[in-house]
Each structure stands twice: as C-alpha cells, then as structure tokens.
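Colleague: Got a file for you: upload-v5.cif, mmCIF, C-alpha atoms.
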```
data_upload
loop_
_atom_site.group_PDB
_atom_site.id
_atom_site.type_symbol
_atom_site.label_atom_id
_atom_site.label_comp_id
_atom_site.auth_asym_id
_atom_site.auth_seq_id
_atom_site.Cartn_x
_atom_site.Cartn_y
_atom_site.Cartn_z
ATOM 1 C CA MET H 1 -31.410 43.520 25.342
ATOM 2 C CA ASN H 2 -33.305 40.795 27.081
ATOM 3 C CA ASN H 3 -35.885 40.720 24.299
ATOM 4 C CA GLU H 4 -33.167 40.349 21.722
ATOM 5 C CA ARG H 5 -31.728 37.417 23.629
ATOM 6 C CA ARG H 6 -35.140 35.739 23.779
ATOM 7 C CA ARG H 7 -35.628 36.212 20.065
ATOM 8 C CA ILE H 8 -32.290 34.577 19.310
ATOM 9 C CA LEU H 9 -33.038 31.695 21.638
ATOM 10 C CA LYS H 10 -36.426 31.185 19.977
ATOM 11 C CA GLY H 11 -34.783 31.244 16.578
ATOM 12 C CA ALA H 12 -32.238 28.658 17.640
ATOM 13 C CA GLY H 13 -35.011 26.468 19.020
ATOM 14 C CA ALA H 14 -36.936 26.616 15.763
ATOM 15 C CA ALA H 15 -33.834 25.771 13.750
ATOM 16 C CA SER H 16 -33.107 22.701 15.842
ATOM 17 C CA VAL H 17 -36.703 21.516 15.389
ATOM 18 C CA VAL H 18 -36.187 21.705 11.625
ATOM 19 C CA THR H 19 -32.928 19.762 11.925
ATOM 20 C CA VAL H 20 -34.620 17.036 13.952
ATOM 21 C CA ALA H 21 -37.458 16.862 11.430
ATOM 22 C CA MET H 22 -34.961 16.505 8.599
ATOM 23 C CA ALA H 23 -33.105 13.767 10.413
ATOM 24 C CA ALA H 24 -36.387 11.970 11.026
ATOM 25 C CA GLY H 25 -37.195 12.268 7.322
ATOM 26 C CA LEU H 26 -33.844 10.740 6.420
ATOM 27 C CA LEU H 27 -34.314 7.863 8.799
ATOM 28 C CA LYS H 28 -37.841 7.083 7.633
ATOM 29 C CA PRO H 29 -37.792 3.550 6.223
ATOM 30 C CA GLY H 30 -37.597 4.202 2.492
ATOM 31 C CA ALA H 31 -38.116 1.733 -0.317
ATOM 32 C CA ALA H 32 -34.967 -0.288 0.173
ATOM 33 C CA TRP H 33 -33.549 0.946 3.468
ATOM 34 C CA ALA H 34 -34.342 -1.846 5.854
ATOM 35 C CA ALA H 35 -31.698 -1.116 8.457
ATOM 36 C CA ALA H 36 -30.517 1.968 10.280
ATOM 37 C CA TRP H 37 -26.845 2.419 11.123
ATOM 38 C CA ASN H 38 -25.420 0.696 14.199
ATOM 39 C CA LYS H 39 -23.666 3.852 15.439
ATOM 40 C CA ALA H 40 -22.582 2.422 18.805
ATOM 41 C CA ALA H 41 -20.841 -0.555 17.200
ATOM 42 C CA PHE H 42 -19.193 1.393 14.371
ATOM 43 C CA GLU H 43 -17.979 4.166 16.662
ATOM 44 C CA ALA H 44 -16.674 1.798 19.343
ATOM 45 C CA LYS H 45 -12.939 2.313 19.721
ATOM 46 C CA ASP H 46 -12.178 -1.046 21.304
ATOM 47 C CA MET H 47 -12.602 -4.674 20.315
ATOM 48 C CA ALA H 48 -15.168 -5.348 23.044
ATOM 49 C CA GLY H 49 -17.462 -2.649 21.691
ATOM 50 C CA ALA H 50 -17.053 -3.750 18.088
ATOM 51 C CA LEU H 51 -17.523 -7.449 18.849
ATOM 52 C CA GLY H 52 -20.456 -6.878 21.197
ATOM 53 C CA GLY H 53 -22.065 -4.552 18.674
ATOM 54 C CA VAL H 54 -22.360 -7.324 16.114
ATOM 55 C CA GLY H 55 -23.294 -10.000 18.661
ATOM 56 C CA GLY H 56 -19.917 -11.688 18.318
ATOM 57 C CA ALA H 57 -18.718 -11.632 21.933
ATOM 58 C CA GLY H 58 -19.326 -15.353 22.403
ATOM 59 C CA ALA H 59 -18.472 -16.469 18.873
ATOM 60 C CA THR H 60 -17.022 -19.962 18.398
ATOM 61 C CA ALA H 61 -13.896 -20.395 16.264
ATOM 62 C CA SER H 62 -14.802 -22.182 13.026
ATOM 63 C CA GLY H 63 -12.684 -23.893 10.385
ATOM 64 C CA GLN H 64 -15.525 -23.426 7.912
ATOM 65 C CA ILE H 65 -14.780 -19.725 7.588
ATOM 66 C CA THR H 66 -11.947 -18.559 5.342
ATOM 67 C CA VAL H 67 -10.491 -15.071 5.721
ATOM 68 C CA LYS H 68 -8.514 -14.316 2.560
ATOM 69 C CA ALA H 69 -6.174 -11.348 2.861
ATOM 70 C CA PRO H 70 -2.530 -10.697 1.986
ATOM 71 C CA ASP H 71 0.154 -11.785 4.494
ATOM 72 C CA ILE H 72 1.781 -8.396 4.037
ATOM 73 C CA ALA H 73 -0.034 -5.236 2.940
ATOM 74 C CA GLU H 74 2.349 -2.551 1.757
ATOM 75 C CA ASN H 75 -0.456 -0.010 1.681
ATOM 76 C CA GLY H 76 -2.817 -0.187 4.646
ATOM 77 C CA ALA H 77 -5.285 2.117 2.876
ATOM 78 C CA VAL H 78 -6.289 -0.631 0.466
ATOM 79 C CA VAL H 79 -6.201 -4.190 1.801
ATOM 80 C CA PRO H 80 -8.233 -6.695 -0.229
ATOM 81 C CA VAL H 81 -10.261 -8.989 2.020
ATOM 82 C CA GLU H 82 -12.482 -11.904 1.075
ATOM 83 C CA ILE H 83 -14.628 -13.778 3.591
ATOM 84 C CA ILE H 84 -15.986 -17.180 2.621
ATOM 85 C CA SER H 85 -18.315 -18.996 4.987
ATOM 86 C CA ALA H 86 -19.194 -22.611 4.275
ATOM 87 C CA ILE H 87 -21.468 -22.691 7.328
ATOM 88 C CA PRO H 88 -24.975 -23.597 6.113
ATOM 89 C CA GLY H 89 -27.496 -20.812 6.563
ATOM 90 C CA THR H 90 -24.923 -18.014 6.837
ATOM 91 C CA GLU H 91 -26.992 -14.860 7.267
ATOM 92 C CA ARG H 92 -24.459 -12.259 8.422
ATOM 93 C CA ILE H 93 -20.775 -11.587 7.933
ATOM 94 C CA ALA H 94 -19.058 -8.813 9.902
ATOM 95 C CA ILE H 95 -15.467 -7.690 9.317
ATOM 96 C CA ILE H 96 -13.283 -6.306 12.114
ATOM 97 C CA ALA H 97 -9.706 -4.989 11.988
ATOM 98 C CA GLU H 98 -8.408 -5.457 15.514
ATOM 99 C CA LYS H 99 -6.147 -2.418 15.817
ATOM 100 C CA ASN H 100 -8.076 0.159 13.790
ATOM 101 C CA GLY H 101 -9.267 3.380 15.461
ATOM 102 C CA PHE H 102 -12.772 2.097 14.820
ATOM 103 C CA PRO H 103 -12.312 -1.715 14.663
ATOM 104 C CA LEU H 104 -15.707 -2.584 13.137
ATOM 105 C CA ILE H 105 -15.486 -2.144 9.376
ATOM 106 C CA ALA H 106 -18.614 -3.680 7.913
ATOM 107 C CA ASP H 107 -21.610 -5.843 8.749
ATOM 108 C CA PHE H 108 -23.248 -7.630 5.812
ATOM 109 C CA GLY H 109 -26.726 -9.166 5.977
ATOM 110 C CA LEU H 110 -27.164 -11.907 3.367
ATOM 111 C CA MET H 111 -30.547 -13.280 2.301
ATOM 112 C CA ASN H 112 -32.691 -14.680 -0.510
ATOM 113 C CA GLY H 113 -29.955 -16.801 -2.088
ATOM 114 C CA ALA H 114 -26.908 -14.650 -1.278
ATOM 115 C CA GLU H 115 -24.021 -17.012 -0.530
ATOM 116 C CA GLY H 116 -21.741 -16.817 2.497
ATOM 117 C CA TYR H 117 -19.274 -14.718 0.570
ATOM 118 C CA VAL H 118 -18.200 -11.085 0.492
ATOM 119 C CA SER H 119 -15.167 -9.479 -1.075
ATOM 120 C CA THR H 120 -14.123 -5.884 -0.432
ATOM 121 C CA ARG H 121 -11.135 -3.647 0.320
ATOM 122 C CA ILE H 122 -10.481 -2.295 3.806
ATOM 123 C CA LYS H 123 -8.223 0.175 5.613
ATOM 124 C CA MET H 124 -5.811 -1.067 8.262
ATOM 125 C CA GLY H 125 -4.015 1.291 10.613
ATOM 126 C CA ALA H 126 -1.478 -1.245 11.852
ATOM 127 C CA THR H 127 -0.448 -4.891 11.703
ATOM 128 C CA SER H 128 -3.260 -6.888 13.269
ATOM 129 C CA ASN H 129 -5.817 -9.621 12.814
ATOM 130 C CA VAL H 130 -8.663 -9.280 10.353
ATOM 131 C CA ILE H 131 -11.561 -11.007 12.062
ATOM 132 C CA ALA H 132 -14.707 -12.362 10.433
ATOM 133 C CA ILE H 133 -17.802 -12.847 12.581
ATOM 134 C CA VAL H 134 -20.382 -15.093 10.921
ATOM 135 C CA THR H 135 -23.949 -15.513 12.114
ATOM 136 C CA ALA H 136 -25.799 -18.663 11.057
ATOM 137 C CA GLY H 137 -28.890 -20.200 12.610
ATOM 138 C CA GLY H 138 -28.794 -17.791 15.524
ATOM 139 C CA LYS H 139 -25.202 -18.741 16.451
ATOM 140 C CA THR H 140 -22.016 -16.769 15.890
ATOM 141 C CA TYR H 141 -18.711 -18.111 14.618
ATOM 142 C CA LYS H 142 -15.339 -16.491 14.043
ATOM 143 C CA ALA H 143 -12.092 -16.815 12.128
ATOM 144 C CA HIS H 144 -9.122 -14.524 11.630
ATOM 145 C CA LYS H 145 -6.005 -13.881 9.620
ATOM 146 C CA GLU H 146 -3.070 -11.677 10.524
ATOM 147 C CA VAL H 147 -2.071 -8.990 8.036
ATOM 148 C CA LYS H 148 1.268 -7.224 8.414
ATOM 149 C CA VAL H 149 0.895 -3.597 7.449
ATOM 150 C CA THR H 150 3.948 -1.708 6.217
ATOM 151 C CA ILE H 151 2.348 1.746 5.901
ATOM 152 C CA GLY H 152 -0.802 2.367 7.948
ATOM 153 C CA GLY H 153 -3.870 3.408 6.025
ATOM 154 C CA CYS H 154 -5.836 5.402 8.515
ATOM 155 C CA GLY H 155 -3.864 8.646 8.262
ATOM 156 C CA GLY H 156 -3.556 10.883 11.283
ATOM 157 C CA MET I 1 -20.534 11.097 -5.281
ATOM 158 C CA ALA I 2 -22.393 9.421 -8.065
ATOM 159 C CA GLY I 3 -20.799 7.054 -10.492
ATOM 160 C CA MET I 4 -21.173 3.499 -9.263
ATOM 161 C CA LYS I 5 -20.402 0.716 -11.720
ATOM 162 C CA ILE I 6 -21.768 -2.828 -11.497
ATOM 163 C CA ARG I 7 -20.915 -5.993 -13.388
ATOM 164 C CA ALA I 8 -22.865 -9.187 -12.898
ATOM 165 C CA SER I 9 -22.153 -12.514 -14.554
ATOM 166 C CA MET I 10 -23.007 -16.154 -14.004
ATOM 167 C CA ALA I 11 -20.307 -18.346 -12.464
ATOM 168 C CA GLY I 12 -21.640 -21.896 -12.175
ATOM 169 C CA ASP I 13 -25.051 -21.861 -10.495
ATOM 170 C CA ALA I 14 -24.524 -18.478 -8.858
ATOM 171 C CA ALA I 15 -24.318 -14.933 -10.132
ATOM 172 C CA GLU I 16 -21.243 -12.979 -9.143
ATOM 173 C CA VAL I 17 -21.904 -9.272 -8.688
ATOM 174 C CA LYS I 18 -18.982 -6.834 -8.581
ATOM 175 C CA ALA I 19 -19.435 -3.161 -7.809
ATOM 176 C CA LEU I 20 -17.055 -0.226 -7.801
ATOM 177 C CA MET I 21 -18.322 2.867 -6.005
ATOM 178 C CA ASN I 22 -17.124 6.432 -5.951
ATOM 179 C CA HIS I 23 -16.741 7.825 -2.432
ATOM 180 C CA VAL I 24 -14.096 9.568 -0.275
ATOM 181 C CA MET I 25 -14.789 7.264 2.720
ATOM 182 C CA GLU I 26 -13.445 9.601 5.416
ATOM 183 C CA THR I 27 -13.265 7.858 8.785
ATOM 184 C CA GLY I 28 -13.530 10.994 10.909
ATOM 185 C CA LEU I 29 -10.197 10.098 12.553
ATOM 186 C CA ARG I 30 -7.797 11.343 9.885
ATOM 187 C CA LYS I 31 -6.046 14.666 10.381
ATOM 188 C CA ASP I 32 -5.427 17.034 7.499
ATOM 189 C CA ALA I 33 -1.647 17.044 6.893
ATOM 190 C CA LYS I 34 -1.559 20.843 6.390
ATOM 191 C CA THR I 35 -4.024 22.231 8.931
ATOM 192 C CA GLY I 36 -3.700 19.484 11.539
ATOM 193 C CA GLU I 37 -7.471 19.498 11.897
ATOM 194 C CA VAL I 38 -9.555 16.331 11.966
ATOM 195 C CA VAL I 39 -11.327 15.725 8.658
ATOM 196 C CA PRO I 40 -15.018 15.107 9.448
ATOM 197 C CA ALA I 41 -16.434 11.642 8.860
ATOM 198 C CA HIS I 42 -17.963 11.193 5.427
ATOM 199 C CA HIS I 43 -18.564 7.620 4.410
ATOM 200 C CA ILE I 44 -21.174 5.215 3.100
ATOM 201 C CA THR I 45 -23.248 3.791 5.956
ATOM 202 C CA ASN I 46 -25.716 1.536 4.139
ATOM 203 C CA VAL I 47 -25.551 -0.656 1.047
ATOM 204 C CA THR I 48 -28.555 -2.566 -0.227
ATOM 205 C CA ALA I 49 -28.528 -4.933 -3.194
ATOM 206 C CA THR I 50 -31.607 -6.399 -4.839
ATOM 207 C CA LEU I 51 -32.078 -9.165 -7.402
ATOM 208 C CA ASN I 52 -35.249 -8.578 -9.426
ATOM 209 C CA GLY I 53 -36.420 -6.271 -6.644
ATOM 210 C CA LYS I 54 -35.792 -8.751 -3.809
ATOM 211 C CA VAL I 55 -33.179 -7.754 -1.202
ATOM 212 C CA VAL I 56 -30.198 -10.148 -1.235
ATOM 213 C CA LEU I 57 -27.616 -8.063 0.635
ATOM 214 C CA ASP I 58 -28.213 -5.424 3.283
ATOM 215 C CA ALA I 59 -24.973 -4.041 4.697
ATOM 216 C CA GLN I 60 -23.831 -1.394 7.154
ATOM 217 C CA TRP I 61 -20.410 0.156 6.662
ATOM 218 C CA GLY I 62 -18.054 2.264 8.714
ATOM 219 C CA GLY I 63 -15.227 4.446 7.436
ATOM 220 C CA GLY I 64 -12.896 1.423 7.461
ATOM 221 C CA ILE I 65 -13.907 0.454 3.926
ATOM 222 C CA SER I 66 -11.310 1.808 1.478
ATOM 223 C CA LYS I 67 -11.848 4.958 -0.573
ATOM 224 C CA ASN I 68 -13.797 4.286 -3.794
ATOM 225 C CA PRO I 69 -15.210 1.057 -2.349
ATOM 226 C CA TYR I 70 -15.170 -2.329 -4.040
ATOM 227 C CA LEU I 71 -17.767 -4.937 -3.194
ATOM 228 C CA ALA I 72 -18.396 -8.389 -4.610
ATOM 229 C CA PHE I 73 -20.981 -10.984 -3.576
ATOM 230 C CA LYS I 74 -22.612 -14.115 -5.007
ATOM 231 C CA VAL I 75 -26.277 -15.036 -5.352
ATOM 232 C CA LYS I 76 -27.524 -18.587 -5.901
ATOM 233 C CA GLY I 77 -30.632 -19.166 -8.008
ATOM 234 C CA ALA I 78 -30.007 -16.141 -10.197
ATOM 235 C CA LYS I 79 -29.959 -16.467 -13.982
ATOM 236 C CA ALA I 80 -28.817 -14.508 -17.004
ATOM 237 C CA GLY I 81 -31.154 -11.610 -17.716
ATOM 238 C CA ASP I 82 -32.005 -11.002 -14.043
ATOM 239 C CA LYS I 83 -31.708 -7.422 -12.834
ATOM 240 C CA VAL I 84 -29.326 -6.419 -10.054
ATOM 241 C CA LYS I 85 -29.585 -3.056 -8.341
ATOM 242 C CA ILE I 86 -27.285 -1.602 -5.675
ATOM 243 C CA GLU I 87 -28.158 1.486 -3.627
ATOM 244 C CA THR I 88 -25.927 3.314 -1.176
ATOM 245 C CA LEU I 89 -26.548 5.956 1.480
ATOM 246 C CA ASP I 90 -23.858 7.930 3.304
ATOM 247 C CA ASN I 91 -23.724 9.692 6.672
ATOM 248 C CA LYS I 92 -24.628 13.002 5.017
ATOM 249 C CA GLY I 93 -27.753 11.537 3.434
ATOM 250 C CA GLU I 94 -26.274 11.385 -0.078
ATOM 251 C CA LYS I 95 -27.495 8.487 -2.175
ATOM 252 C CA ASP I 96 -26.177 6.638 -5.192
ATOM 253 C CA SER I 97 -27.427 3.664 -7.169
ATOM 254 C CA ALA I 98 -26.681 1.594 -10.227
ATOM 255 C CA GLU I 99 -28.289 -1.288 -12.079
ATOM 256 C CA ALA I 100 -27.024 -4.127 -14.216
ATOM 257 C CA THR I 101 -28.387 -7.136 -16.052
ATOM 258 C CA ILE I 102 -26.732 -10.469 -15.322
ATOM 259 C CA GLY I 103 -24.793 -11.525 -18.405
#
```
Kindly present the structure from the file in structure tokens form.

Modeller:
Amino acid sequence: MNNERRRILKGAGAASVVTVAMAAGLLKPGAAWAAAWNKAAFEAKDMAGALGGVGGAGATASGQITVKAPDIAENGAVVPVEIISAIPGTERIAIIAEKNGFPLIADFGLMNGAEGYVSTRIKMGATSNVIAIVTAGGKTYKAHKEVKVTIGGCGG
Amino acid sequence: MAGMKIRASMAGDAAEVKALMNHVMETGLRKDAKTGEVVPAHHITNVTATLNGKVVLDAQWGGGISKNPYLAFKVKGAKAGDKVKIETLDNKGEKDSAEATIG
C-alpha cells in the first residue's frame, strides 16, 4: 500500500518536471520573441494594477494623444479603437478599458520606424473610459475617451 | 488557429500594415451559457511584426482584444517591395504567422 503510494508520488513528480521543462522550452527566447508576457499586469483586476503594470501610474495627461473610439458601442464585444500619438519618440502604447474584468488590454512596443499609431478592436464589459498610456523618452503620458456600451462584450 | 491575413500598402511616406487574425480570444472570465462553467483563457499573448527582418512592433495582448483580432500600424521609411511578417503566440503555445509584400 505504502509502496504503491510512493510510486504514484514519484510518477507525479516526474510528470511535473516534464511540464516545467516544456514551459521552459516555450519561454526560451526564440527567433522573434523578444518579450515574455506581463502576467501580473494583464491579470490585474483593478486599474491600479493595470496602470502600474505598464508604468503608467504617474502618467501626465497629454493633448498630443488621440483616442479614437465610438461615442456609443452597441456591441461591447467589438469596439474599434485607434490610438494616435504625436509625441516625438513614442516607443510604447498601452490600451486600458477602465471597467473590464481585466482592465489592461494590450501593450504595444514600437521601434525601427513604427509610428505612434495602433488600430485594433477591443472588448468592453461596461460603459467606461478607454485609456491610452504612451511612453516616450522615458516619460509616460495619458489620454482617454469615454465609450458608452449598450451590450457588454465580456460575457459572464 | 492558423489563417492570418496581412495587407501592406504605402500611404504617403509610411507603410500601413493591416492584419486580420483568426483566434477565439477567450478572456478566462466568460461563463458558458449552458454549463455555467468558466471557459478557460485562450488568447494571443504576443505579437511581433518585422519589416525586412527588423522588429518594428512587439506587443503583448490580454483577452480584451476582440475575437478574430484586427491590428493596423504604420512604419516610416518603408517602401514598396519591402517584406512584412507578423507572428503570434498564444497562452497555449500555439503559433501563427503570415507575410506580405508592401504594394
């Protein structure tokens, strides 16, 4: 009985070693994968965690950032959002939806000629601000636009 | 999850790259309407774009990007004939990629 238990425990141990090895293999810096995934920031359930995770806690409001999004989104599952930063040397643009279950949506690194511009479609669980956090020259800036959501897009 | 499409064209002195990806983008917060159980997270976590092999965009995504993601960006200094490649990785280790020539 006891032997059987030991055998099972050993087996479980070996399996977890394999899992860890596989995870390590996946995370090995491959050809193009420069960055890992900022789990803490993306899984933060509050604004403080999301903002802090992208270094935007002390961001300064800037009129040089445009957040283009509809005033009213009938379908919160698909809200088109365009962020345009005219701040010279824009190197990062992060997008946050204030009232989402996980507020941080995306964090874009821009380099080698990429302009301060990204366009995508996001999910919004409720009416709230879409916030852009822009990093340029080691400083962070922010801008926002409110989107009224008729039907939430996060399910649940 | 394969089946990404890219279009790249010159607009003034910059190339505009538009990509349409094929992914369920599950947040991990949504509950199945029938079973009431939480649907596990399954979404793209990393997107890398290169122009002639040089990284121009390196993004991290959460499940808040809409299903079948759309992404557009602009690159200065690009010209017609340059090659654009986009690669994605999701939280289950699945990869996808697509290439296009700037027209």

Colleague: Tell me, counting all atoms listed in the file, for each residue of chain H within 9 Å of chain I, which pair of atoms is nearest and how far apart they are in Å to one decimal, in rows ordered by chain and increasing number, as JSON lines.

Modeller:
```
{"residue": "H:Leu26", "atom": "CA", "partner": "I:Gly93", "partner_atom": "CA", "distance": 6.8}
{"residue": "H:Ala32", "atom": "CA", "partner": "I:Thr48", "partner_atom": "CA", "distance": 6.8}
{"residue": "H:Trp33", "atom": "CA", "partner": "I:Thr48", "partner_atom": "CA", "distance": 7.1}
{"residue": "H:Ala34", "atom": "CA", "partner": "I:Asp58", "partner_atom": "CA", "distance": 7.5}
{"residue": "H:Ala35", "atom": "CA", "partner": "I:Asp58", "partner_atom": "CA", "distance": 7.6}
{"residue": "H:Ala36", "atom": "CA", "partner": "I:Asn46", "partner_atom": "CA", "distance": 7.8}
{"residue": "H:Trp37", "atom": "CA", "partner": "I:Gln60", "partner_atom": "CA", "distance": 6.3}
{"residue": "H:Asn38", "atom": "CA", "partner": "I:Gln60", "partner_atom": "CA", "distance": 7.5}
{"residue": "H:Lys39", "atom": "CA", "partner": "I:Gly62", "partner_atom": "CA", "distance": 8.9}
{"residue": "H:Phe42", "atom": "CA", "partner": "I:Gly62", "partner_atom": "CA", "distance": 5.8}
{"residue": "H:Glu43", "atom": "CA", "partner": "I:Gly62", "partner_atom": "CA", "distance": 8.2}
{"residue": "H:Ala77", "atom": "CA", "partner": "I:Ser66", "partner_atom": "CA", "distance": 6.2}
{"residue": "H:Val78", "atom": "CA", "partner": "I:Ser66", "partner_atom": "CA", "distance": 5.7}
{"residue": "H:Val79", "atom": "CA", "partner": "I:Ser66", "partner_atom": "CA", "distance": 7.9}
{"residue": "H:Glu82", "atom": "CA", "partner": "I:Ala72", "partner_atom": "CA", "distance": 8.9}
{"residue": "H:Ala97", "atom": "CA", "partner": "I:Gly64", "partner_atom": "CA", "distance": 8.5}
{"residue": "H:Asn100", "atom": "CA", "partner": "I:Gly64", "partner_atom": "CA", "distance": 8.1}
{"residue": "H:Gly101", "atom": "CA", "partner": "I:Leu29", "partner_atom": "CA", "distance": 7.4}
{"residue": "H:Phe102", "atom": "CA", "partner": "I:Gly64", "partner_atom": "CA", "distance": 7.4}
{"residue": "H:Pro103", "atom": "CA", "partner": "I:Gly64", "partner_atom": "CA", "distance": 7.9}
{"residue": "H:Leu104", "atom": "CA", "partner": "I:Gly62", "partner_atom": "CA", "distance": 7.0}
{"residue": "H:Ile105", "atom": "CA", "partner": "I:Gly64", "partner_atom": "CA", "distance": 4.8}
{"residue": "H:Ala106", "atom": "CA", "partner": "I:Trp61", "partner_atom": "CA", "distance": 4.4}
{"residue": "H:Asp107", "atom": "CA", "partner": "I:Gln60", "partner_atom": "CA", "distance": 5.2}
{"residue": "H:Phe108", "atom": "CA", "partner": "I:Ala59", "partner_atom": "CA", "distance": 4.1}
{"residue": "H:Gly109", "atom": "CA", "partner": "I:Asp58", "partner_atom": "CA", "distance": 4.8}
{"residue": "H:Leu110", "atom": "CA", "partner": "I:Leu57", "partner_atom": "CA", "distance": 4.7}
{"residue": "H:Met111", "atom": "CA", "partner": "I:Val56", "partner_atom": "CA", "distance": 4.7}
{"residue": "H:Asn112", "atom": "CA", "partner": "I:Val56", "partner_atom": "CA", "distance": 5.2}
{"residue": "H:Gly113", "atom": "CA", "partner": "I:Lys76", "partner_atom": "CA", "distance": 4.9}
{"residue": "H:Ala114", "atom": "CA", "partner": "I:Val75", "partner_atom": "CA", "distance": 4.1}
{"residue": "H:Glu115", "atom": "CA", "partner": "I:Lys74", "partner_atom": "CA", "distance": 5.5}
{"residue": "H:Gly116", "atom": "CA", "partner": "I:Lys74", "partner_atom": "CA", "distance": 8.0}
{"residue": "H:Tyr117", "atom": "CA", "partner": "I:Phe73", "partner_atom": "CA", "distance": 5.8}
{"residue": "H:Val118", "atom": "CA", "partner": "I:Phe73", "partner_atom": "CA", "distance": 4.9}
{"residue": "H:Ser119", "atom": "CA", "partner": "I:Ala72", "partner_atom": "CA", "distance": 4.9}
{"residue": "H:Thr120", "atom": "CA", "partner": "I:Leu71", "partner_atom": "CA", "distance": 4.7}
{"residue": "H:Arg121", "atom": "CA", "partner": "I:Ser66", "partner_atom": "CA", "distance": 5.6}
{"residue": "H:Ile122", "atom": "CA", "partner": "I:Ile65", "partner_atom": "CA", "distance": 4.4}
{"residue": "H:Lys123", "atom": "CA", "partner": "I:Gly64", "partner_atom": "CA", "distance": 5.2}
{"residue": "H:Met124", "atom": "CA", "partner": "I:Gly64", "partner_atom": "CA", "distance": 7.6}
{"residue": "H:Gly153", "atom": "CA", "partner": "I:Ser66", "partner_atom": "CA", "distance": 8.9}
{"residue": "H:Cys154", "atom": "CA", "partner": "I:Arg30", "partner_atom": "CA", "distance": 6.4}
{"residue": "H:Gly155", "atom": "CA", "partner": "I:Arg30", "partner_atom": "CA", "distance": 5.0}
{"residue": "H:Gly156", "atom": "CA", "partner": "I:Arg30", "partner_atom": "CA", "distance": 4.5}
```

Colleague: Please evaluate the PyMOL selection byres ((chain H and resi 129-133) around 9) against the displayed coordinates and give the resulting residues as a VMD selection string.

Modeller: chain H and resid 51 54 to 56 59 65 to 67 69 81 83 92 to 99 107 124 127 to 128 134 to 135 140 to 148

Colleague: Next, the residues of the selection above should be written as a PDB file, keeping the file's coordinate frame with C-alpha atoms.

Modeller:
```pdb
ATOM      1  CA  LEU H  51     -17.523  -7.449  18.849  1.00  0.00           C
ATOM      2  CA  VAL H  54     -22.360  -7.324  16.114  1.00  0.00           C
ATOM      3  CA  GLY H  55     -23.294 -10.000  18.661  1.00  0.00           C
ATOM      4  CA  GLY H  56     -19.917 -11.688  18.318  1.00  0.00           C
ATOM      5  CA  ALA H  59     -18.472 -16.469  18.873  1.00  0.00           C
ATOM      6  CA  ILE H  65     -14.780 -19.725   7.588  1.00  0.00           C
ATOM      7  CA  THR H  66     -11.947 -18.559   5.342  1.00  0.00           C
ATOM      8  CA  VAL H  67     -10.491 -15.071   5.721  1.00  0.00           C
ATOM      9  CA  ALA H  69      -6.174 -11.348   2.861  1.00  0.00           C
ATOM     10  CA  VAL H  81     -10.261  -8.989   2.020  1.00  0.00           C
ATOM     11  CA  ILE H  83     -14.628 -13.778   3.591  1.00  0.00           C
ATOM     12  CA  ARG H  92     -24.459 -12.259   8.422  1.00  0.00           C
ATOM     13  CA  ILE H  93     -20.775 -11.587   7.933  1.00  0.00           C
ATOM     14  CA  ALA H  94     -19.058  -8.813   9.902  1.00  0.00           C
ATOM     15  CA  ILE H  95     -15.467  -7.690   9.317  1.00  0.00           C
ATOM     16  CA  ILE H  96     -13.283  -6.306  12.114  1.00  0.00           C
ATOM     17  CA  ALA H  97      -9.706  -4.989  11.988  1.00  0.00           C
ATOM     18  CA  GLU H  98      -8.408  -5.457  15.514  1.00  0.00           C
ATOM     19  CA  LYS H  99      -6.147  -2.418  15.817  1.00  0.00           C
ATOM     20  CA  ASP H 107     -21.610  -5.843   8.749  1.00  0.00           C
ATOM     21  CA  MET H 124      -5.811  -1.067   8.262  1.00  0.00           C
ATOM     22  CA  THR H 127      -0.448  -4.891  11.703  1.00  0.00           C
ATOM     23  CA  SER H 128      -3.260  -6.888  13.269  1.00  0.00           C
ATOM     24  CA  VAL H 134     -20.382 -15.093  10.921  1.00  0.00           C
ATOM     25  CA  THR H 135     -23.949 -15.513  12.114  1.00  0.00           C
ATOM     26  CA  THR H 140     -22.016 -16.769  15.890  1.00  0.00           C
ATOM     27  CA  TYR H 141     -18.711 -18.111  14.618  1.00  0.00           C
ATOM     28  CA  LYS H 142     -15.339 -16.491  14.043  1.00  0.00           C
ATOM     29  CA  ALA H 143     -12.092 -16.815  12.128  1.00  0.00           C
ATOM     30  CA  HIS H 144      -9.122 -14.524  11.630  1.00  0.00           C
ATOM     31  CA  LYS H 145      -6.005 -13.881   9.620  1.00  0.00           C
ATOM     32  CA  GLU H 146      -3.070 -11.677  10.524  1.00  0.00           C
ATOM     33  CA  VAL H 147      -2.071  -8.990   8.036  1.00  0.00           C
ATOM     34  CA  LYS H 148       1.268  -7.224   8.414  1.00  0.00           C
TER      35      LYS H 148
END
```

Colleague: Given 8 Å on each side, where is the centre and what are the edge lengths in Å to one decimal of the axis-aligned box enclosing the listed atoms of range 135-139 of chain H, as AutoDock Vina command-line options?

Modeller:
```
--center_x -26.4 --center_y -17.9 --center_z 13.8 --size_x 20.9 --size_y 20.7 --size_z 21.4
```

Colleague: Provide the CA of Lys83 in chain I to CA of Thr101 in chain I distance in Å, to one decimal place.

Modeller: 4.6 Å

Colleague: Interatomic distance between CA of Lys139 in chain H and CA of Gly49 in chain H?

Modeller: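 These two atoms are separated by 18.6 Å.
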
Colleague: Give the answer as one residue: which of I:Ala41, I:Arg7, I:Asp96, I:Thr35 has the shortest atom-to-atom distance to Met21 in chain I, using all atoms listed in the file?

Modeller: I:Asp96

Colleague: Any chance you could export range 44-58 of chain I with C-alpha atoms, as a compact mmCIF listing (two decimals), in the first residue's frame?

Modeller:
```txt
# COMPACT_ATOMS: atom_id res chain seq x y z
CA ILE I 44 -2.93 35.59 -28.14
CA THR I 45 -0.28 36.86 -25.73
CA ASN I 46 2.46 38.09 -28.07
CA VAL I 47 2.50 39.72 -31.49
CA THR I 48 5.73 40.57 -33.28
CA ALA I 49 5.96 42.36 -36.62
CA THR I 50 9.11 42.70 -38.69
CA LEU I 51 9.97 44.80 -41.74
CA ASN I 52 12.67 43.10 -43.81
CA GLY I 53 13.53 41.05 -40.74
CA LYS I 54 13.83 44.02 -38.37
CA VAL I 55 11.34 44.16 -35.46
CA VAL I 56 9.05 47.21 -35.74
CA LEU I 57 6.25 46.18 -33.37
CA ASP I 58 6.47 43.94 -30.33
```
